[in-house]
Amino acid sequence: MSPIAALVLKDFAVELRRKETVISMIMFGLLVMVIFSFAFEPTGNDQIDNLVAPGVLWVALTFAGMIGLNRSLAIDLDNDALQGLLLAPIDRSSLYVGKVMSNFLFMLLSDVVVLALFVIFNNLQIDSTIFWVALVTVLGTFGFAVVGTILSMISSSTRMREVMLPVMQIPLTLPMIISAVGATALVLDGDDEGLSLFISLVIAFDIIYLVISYLVFEYVVEE
Amino acid sequence: MGQEHEEHKDHMTPVPALEADGITKTYGRFPALRGLTMEVPAGSFLTLFGKNGAGKTTFLKVASTLARPTSGRLKINGFDVTDQPEAARRQIGLLSHNTYIYRDLSALENLRFFGRLYGLDSRETDLRQLLERVGLGHRMNDAVRTFSRGLLQRAGLARTMLHKPAVLLLDEPYTGLDAQAVETLNAMLDEAVAEGRTVVLTTHDLETGLRAATRVDIIDRGRIVYSGAANDPETRASYARYIRQGATR
């Protein structure tokens, strides 16, 4: 078994015991969706509703993801277990990849619930719209996990790490979030023009940050 | 086998288990290690004495690749910790008062996980035997979260010994152990030395440190200030002077 697979399995085994990360994310995402659905009641005008809905979805995904990243990091900081990982005779970048995969999969579980609510609250038809919204969500979530994993490691050595993570993460992921919101809005409007550009921007963001984070991870975790 | 190993082999010179040459480590403007130089022959038992903040833990962190030296070279069994960190990590087992294991997993699950991470093909029976040896046979399936301090340290010891490291780095490993756990740890250390492994132990406690040591170094403000044989009466006297007066002479 590869170290990456071992790490992902370990994180899922721990999560099955703690039941903290995914449940916290789902509860938070659910609350955000419900609150926004009351705050911005559908007007019946698709143009206006489609303007608000993508923002609501990405606020829920972003903040739920942030909670997940903090909880996920706590697994490795408990009893300094992270140091145990760093002592393993493997390329430390594979630790990063393993952690990204865990965070990404945890976030996807929460995304499924948030997306289901999004479909219900916005009366979306079960057609290709959902597929495209799901695709944008998966790509955006991956980018969020890529950046969040490295930033959570950086913030782990700070005193106010739960505050520091969003302070660093939101500005860095803003280009990706704006692109994802733009892509979601186009999908809801049924407007294909420009969609590929927004999706390409999200993919480019994912790749650039994955490569940079992969290369610098060793220096981030070493004293 | 690394290039360094081959070079040593060619000249038939035994490779030191640990070789530090002018190691410095600064945190901001604070120098934790200041040109520390030492050589630990393979199969020996070195005890590092020193007060709090003397640099013992920082040295072990550098030796175990958890911290990067600011300058200087350090080799573990011929593998440079900066240039060949993965090969160096395969040689070492680090145990400190923090056990570096997952408290939500059982002791057995922890060993399975770390075994996979180390690329070991340990059979289930080997893992169980190891846990039996450290006295965790009856609790191996319980979540580590439910363990007392002593049991936690035993689980940490099992993690440290899992890949049969050639060099054991032990940072205050006796902290919080009960008498039985101390005996178990001592027995395992004696066994490790008998098998030809090298032990580097840091401690404040003179008797604990001298029990099995072959050599003693005293570290103060990031430098070795005394080095002598463990059975040399001068070693005991130097440590006493160091504790009372802050100097070994």
# chains A, B, ... in the order shown; residues from 1 in each chain; ligands from 1
$ residues_around --residues "region 95-99 of chain A" --least-positions-apart "4" --cutoff "10 Å" --atoms "only C-alpha atoms" --output "PDB file with N, CA and C atoms, in the first residue's frame"
ATOM      1  N   SER A   2       0.535   2.207  -0.844  1.00  0.00           N
ATOM      2  CA  SER A   2       1.354   3.423  -0.928  1.00  0.00           C
ATOM      3  C   SER A   2       1.143   4.274   0.327  1.00  0.00           C
ATOM      4  N   PRO A   3       2.145   5.089   0.658  1.00  0.00           N
ATOM      5  CA  PRO A   3       1.990   5.956   1.837  1.00  0.00           C
ATOM      6  C   PRO A   3       0.774   6.880   1.722  1.00  0.00           C
ATOM      7  N   ILE A   4       0.480   7.318   0.494  1.00  0.00           N
ATOM      8  CA  ILE A   4      -0.669   8.226   0.304  1.00  0.00           C
ATOM      9  C   ILE A   4      -1.961   7.500   0.666  1.00  0.00           C
ATOM     10  N   ALA A   5      -2.102   6.278   0.160  1.00  0.00           N
ATOM     11  CA  ALA A   5      -3.313   5.503   0.462  1.00  0.00           C
ATOM     12  C   ALA A   5      -3.389   5.216   1.963  1.00  0.00           C
ATOM     13  N   ALA A   6      -2.229   4.915   2.576  1.00  0.00           N
ATOM     14  CA  ALA A   6      -2.206   4.643   4.016  1.00  0.00           C
ATOM     15  C   ALA A   6      -2.679   5.860   4.807  1.00  0.00           C
ATOM     16  N   LEU A   7      -2.239   7.038   4.376  1.00  0.00           N
ATOM     17  CA  LEU A   7      -2.636   8.273   5.057  1.00  0.00           C
ATOM     18  C   LEU A   7      -4.141   8.526   4.943  1.00  0.00           C
ATOM     19  N   VAL A   8      -4.664   8.316   3.743  1.00  0.00           N
ATOM     20  CA  VAL A   8      -6.094   8.558   3.531  1.00  0.00           C
ATOM     21  C   VAL A   8      -6.910   7.570   4.370  1.00  0.00           C
ATOM     22  N   LEU A   9      -6.498   6.304   4.343  1.00  0.00           N
ATOM     23  CA  LEU A   9      -7.213   5.290   5.142  1.00  0.00           C
ATOM     24  C   LEU A   9      -7.173   5.629   6.623  1.00  0.00           C
ATOM     25  N   ASP A  11      -6.828   8.618   7.993  1.00  0.00           N
ATOM     26  CA  ASP A  11      -7.692   9.762   8.271  1.00  0.00           C
ATOM     27  C   ASP A  11      -9.167   9.349   8.320  1.00  0.00           C
ATOM     28  N   SER A  72      -9.594  18.717  10.481  1.00  0.00           N
ATOM     29  CA  SER A  72      -8.712  17.695   9.921  1.00  0.00           C
ATOM     30  C   SER A  72      -7.280  17.859  10.435  1.00  0.00           C
ATOM     31  N   LEU A  73      -6.859  19.109  10.550  1.00  0.00           N
ATOM     32  CA  LEU A  73      -5.509  19.365  11.063  1.00  0.00           C
ATOM     33  C   LEU A  73      -5.398  18.922  12.522  1.00  0.00           C
ATOM     34  N   ASP A  76      -4.001  15.518  13.308  1.00  0.00           N
ATOM     35  CA  ASP A  76      -2.549  15.306  13.264  1.00  0.00           C
ATOM     36  C   ASP A  76      -1.797  16.081  14.339  1.00  0.00           C
ATOM     37  N   LEU A  82       1.708  14.463  13.996  1.00  0.00           N
ATOM     38  CA  LEU A  82       2.304  14.970  12.747  1.00  0.00           C
ATOM     39  C   LEU A  82       3.810  14.698  12.714  1.00  0.00           C
ATOM     40  N   LEU A  85       4.554  11.341  11.510  1.00  0.00           N
ATOM     41  CA  LEU A  85       4.492  11.241  10.044  1.00  0.00           C
ATOM     42  C   LEU A  85       5.784  11.745   9.424  1.00  0.00           C
ATOM     43  N   LEU A  86       6.289  12.853   9.993  1.00  0.00           N
ATOM     44  CA  LEU A  86       7.491  13.468   9.416  1.00  0.00           C
ATOM     45  C   LEU A  86       8.728  12.608   9.611  1.00  0.00           C
ATOM     46  N   ALA A  88       8.785   9.433   9.077  1.00  0.00           N
ATOM     47  CA  ALA A  88       8.732   8.294   8.148  1.00  0.00           C
ATOM     48  C   ALA A  88       9.716   8.505   6.988  1.00  0.00           C
ATOM     49  N   ILE A  90       9.897   8.649   3.940  1.00  0.00           N
ATOM     50  CA  ILE A  90       9.258   8.850   2.629  1.00  0.00           C
ATOM     51  C   ILE A  90       9.390  10.324   2.249  1.00  0.00           C
ATOM     52  N   ASP A  91       9.219  10.582   0.972  1.00  0.00           N
ATOM     53  CA  ASP A  91       9.237  11.946   0.486  1.00  0.00           C
ATOM     54  C   ASP A  91       8.090  12.697   1.179  1.00  0.00           C
ATOM     55  N   ASN A 103      -8.547  15.606   2.850  1.00  0.00           N
ATOM     56  CA  ASN A 103      -9.355  16.816   3.002  1.00  0.00           C
ATOM     57  C   ASN A 103     -10.356  16.939   1.854  1.00  0.00           C
ATOM     58  N   PHE A 104      -9.895  16.630   0.650  1.00  0.00           N
ATOM     59  CA  PHE A 104     -10.759  16.725  -0.522  1.00  0.00           C
ATOM     60  C   PHE A 104     -11.940  15.753  -0.391  1.00  0.00           C
ATOM     61  N   LEU A 105     -11.660  14.530   0.020  1.00  0.00           N
ATOM     62  CA  LEU A 105     -12.741  13.545   0.133  1.00  0.00           C
ATOM     63  C   LEU A 105     -13.719  13.919   1.252  1.00  0.00           C
ATOM     64  N   ALA A 145      -9.026  22.509  -1.159  1.00  0.00           N
ATOM     65  CA  ALA A 145      -8.286  21.539  -0.332  1.00  0.00           C
ATOM     66  C   ALA A 145      -6.778  21.678  -0.547  1.00  0.00           C
ATOM     67  N   VAL A 146      -6.384  21.923  -1.787  1.00  0.00           N
ATOM     68  CA  VAL A 146      -4.954  22.061  -2.124  1.00  0.00           C
ATOM     69  C   VAL A 146      -4.335  23.226  -1.342  1.00  0.00           C
ATOM     70  N   THR A 149      -4.786  22.828   2.702  1.00  0.00           N
ATOM     71  CA  THR A 149      -3.923  21.852   3.389  1.00  0.00           C
ATOM     72  C   THR A 149      -2.572  22.474   3.726  1.00  0.00           C
ATOM     73  N   ILE A 150      -1.983  23.162   2.778  1.00  0.00           N
ATOM     74  CA  ILE A 150      -0.660  23.753   3.049  1.00  0.00           C
ATOM     75  C   ILE A 150      -0.797  24.908   4.046  1.00  0.00           C
ATOM     76  N   MET A 153      -1.141  23.746   7.578  1.00  0.00           N
ATOM     77  CA  MET A 153       0.161  23.358   8.143  1.00  0.00           C
ATOM     78  C   MET A 153       0.936  24.603   8.592  1.00  0.00           C
ATOM     79  N   LEU A 210      -1.281  23.354  -6.623  1.00  0.00           N
ATOM     80  CA  LEU A 210      -0.862  21.989  -6.266  1.00  0.00           C
ATOM     81  C   LEU A 210       0.649  21.846  -6.454  1.00  0.00           C
ATOM     82  N   SER A 213       2.553  24.083  -3.826  1.00  0.00           N
ATOM     83  CA  SER A 213       2.435  23.524  -2.464  1.00  0.00           C
ATOM     84  C   SER A 213       3.244  22.241  -2.335  1.00  0.00           C
ATOM     85  N   TYR A 214       3.219  21.425  -3.382  1.00  0.00           N
ATOM     86  CA  TYR A 214       3.967  20.160  -3.386  1.00  0.00           C
ATOM     87  C   TYR A 214       5.464  20.437  -3.193  1.00  0.00           C
ATOM     88  N   LEU A 215       5.924  21.493  -3.876  1.00  0.00           N
ATOM     89  CA  LEU A 215       7.358  21.801  -3.827  1.00  0.00           C
ATOM     90  C   LEU A 215       7.792  22.411  -2.497  1.00  0.00           C
ATOM     91  N   VAL A 216       6.919  23.204  -1.871  1.00  0.00           N
ATOM     92  CA  VAL A 216       7.345  23.916  -0.656  1.00  0.00           C
ATOM     93  C   VAL A 216       6.962  23.191   0.635  1.00  0.00           C
ATOM     94  N   PHE A 217       6.192  22.107   0.520  1.00  0.00           N
ATOM     95  CA  PHE A 217       5.681  21.456   1.736  1.00  0.00           C
ATOM     96  C   PHE A 217       6.787  21.078   2.716  1.00  0.00           C
ATOM     97  N   GLU A 218       7.869  20.517   2.198  1.00  0.00           N
ATOM     98  CA  GLU A 218       8.998  20.093   3.040  1.00  0.00           C
ATOM     99  C   GLU A 218       9.486  21.254   3.913  1.00  0.00           C
ATOM    100  N   VAL A 221       6.925  22.258   6.813  1.00  0.00           N
ATOM    101  CA  VAL A 221       6.783  21.408   7.997  1.00  0.00           C
ATOM    102  C   VAL A 221       8.066  21.258   8.798  1.00  0.00           C
TER     103      VAL A 221
ATOM    104  N   LEU B 117       3.461   3.149   6.331  1.00  0.00           N
ATOM    105  CA  LEU B 117       4.179   4.384   6.002  1.00  0.00           C
ATOM    106  C   LEU B 117       5.679   4.111   5.825  1.00  0.00           C
TER     107      LEU B 117
END
$ interface_residues --of "chain B" --to "chain A" --cutoff "6 Å" --atoms "only C-alpha atoms" --output "PyMOL selection string"
chain B and resi 66-67+86+89-90+100-102+104+117-118
$ residues_around --residues "Ser106 (chain B)" --least-positions-apart "5" --cutoff "6 Å" --atoms "only C-alpha atoms" --output "list of chain:residue names"
B:Asn141, B:Asp142, B:Ala143, B:Val144
$ atom_distance --atom1 "CA of Val134 (chain B)" --atom2 "CA of Leu177 (chain B)"
12.5 Å
$ closest_atom_pairs --of "region 55-117 of chain A" --to "region 171-194 of chain A" --cutoff "10 Å" --atoms "only C-alpha atoms" --output "JSON lines"
{"residue": "A:Gly55", "atom": "CA", "partner": "A:Val181", "partner_atom": "CA", "distance": 6.1}
{"residue": "A:Val56", "atom": "CA", "partner": "A:Val181", "partner_atom": "CA", "distance": 9.3}
{"residue": "A:Leu57", "atom": "CA", "partner": "A:Val181", "partner_atom": "CA", "distance": 8.3}
{"residue": "A:Trp58", "atom": "CA", "partner": "A:Val181", "partner_atom": "CA", "distance": 6.7}
{"residue": "A:Val59", "atom": "CA", "partner": "A:Ile177", "partner_atom": "CA", "distance": 9.2}
{"residue": "A:Leu61", "atom": "CA", "partner": "A:Ile177", "partner_atom": "CA", "distance": 10.0}
{"residue": "A:Thr62", "atom": "CA", "partner": "A:Ile177", "partner_atom": "CA", "distance": 8.4}
$ write_last_selection --atoms "C-alpha atoms" --output "compact mmCIF listing (two decimals), in the first residue's frame"
# COMPACT_ATOMS: atom_id res chain seq x y z
CA GLY A 55 -22.90 33.13 -4.16
CA VAL A 56 -24.97 31.34 -1.53
CA LEU A 57 -23.63 27.96 -2.68
CA TRP A 58 -20.01 29.06 -2.56
CA VAL A 59 -20.34 30.82 0.78
CA LEU A 61 -18.94 25.44 0.54
CA THR A 62 -16.14 27.84 1.52
$ residues_around --residues "Asp80 (chain B)" --least-positions-apart "5" --cutoff "10 Å" --atoms "only C-alpha atoms" --output "ChimeraX atom specification"
/B:2,4,18-20,63,65,73-75,85-88
$ write_last_selection --atoms "C-alpha atoms" --output "PDB file, in the first residue's frame"
ATOM      1  CA  GLY B   2      24.271   5.309  -0.398  1.00  0.00           C
ATOM      2  CA  GLU B   4      28.787   7.583   1.527  1.00  0.00           C
ATOM      3  CA  LEU B  18      26.150   9.547  14.298  1.00  0.00           C
ATOM      4  CA  GLU B  19      28.598  12.154  13.130  1.00  0.00           C
ATOM      5  CA  ALA B  20      27.936  15.853  13.794  1.00  0.00           C
ATOM      6  CA  ALA B  63      19.514  14.363  14.025  1.00  0.00           C
ATOM      7  CA  THR B  65      15.479  15.488  10.359  1.00  0.00           C
ATOM      8  CA  ARG B  73      26.772  18.579   8.676  1.00  0.00           C
ATOM      9  CA  LEU B  74      25.194  15.662  10.471  1.00  0.00           C
ATOM     10  CA  LYS B  75      25.271  12.082   9.256  1.00  0.00           C
ATOM     11  CA  PRO B  85      16.946  12.764   4.679  1.00  0.00           C
ATOM     12  CA  GLU B  86      14.817   9.762   3.683  1.00  0.00           C
ATOM     13  CA  ALA B  87      17.737   7.331   3.957  1.00  0.00           C
ATOM     14  CA  ALA B  88      18.738   8.925   7.282  1.00  0.00           C
TER      15      ALA B  88
END
$ residues_around --residues "region 209-215 of chain B" --least-positions-apart "6" --cutoff "10 Å" --atoms "only C-alpha atoms" --output "list in words"
Val40, Gly43, Ser44, Phe45, Leu46, Thr47, Leu48, Phe49, Glu172, Asn186, Leu189, Asp190, Val193, Val199, Val200, Leu201, Thr202, Thr203, Ser227, Gly228, Ala229, Ala230, Asn231, Asp232, Thr235 and Arg236 of chain B
$ select_by_dssp --residues "region 2-196 of chain A" --states "alpha helix (DSSP H)" --output "VMD selection string"
chain A and resid 3 to 18 21 to 39 46 to 77 81 to 86 92 to 121 128 to 155 161 to 189 195 to 196
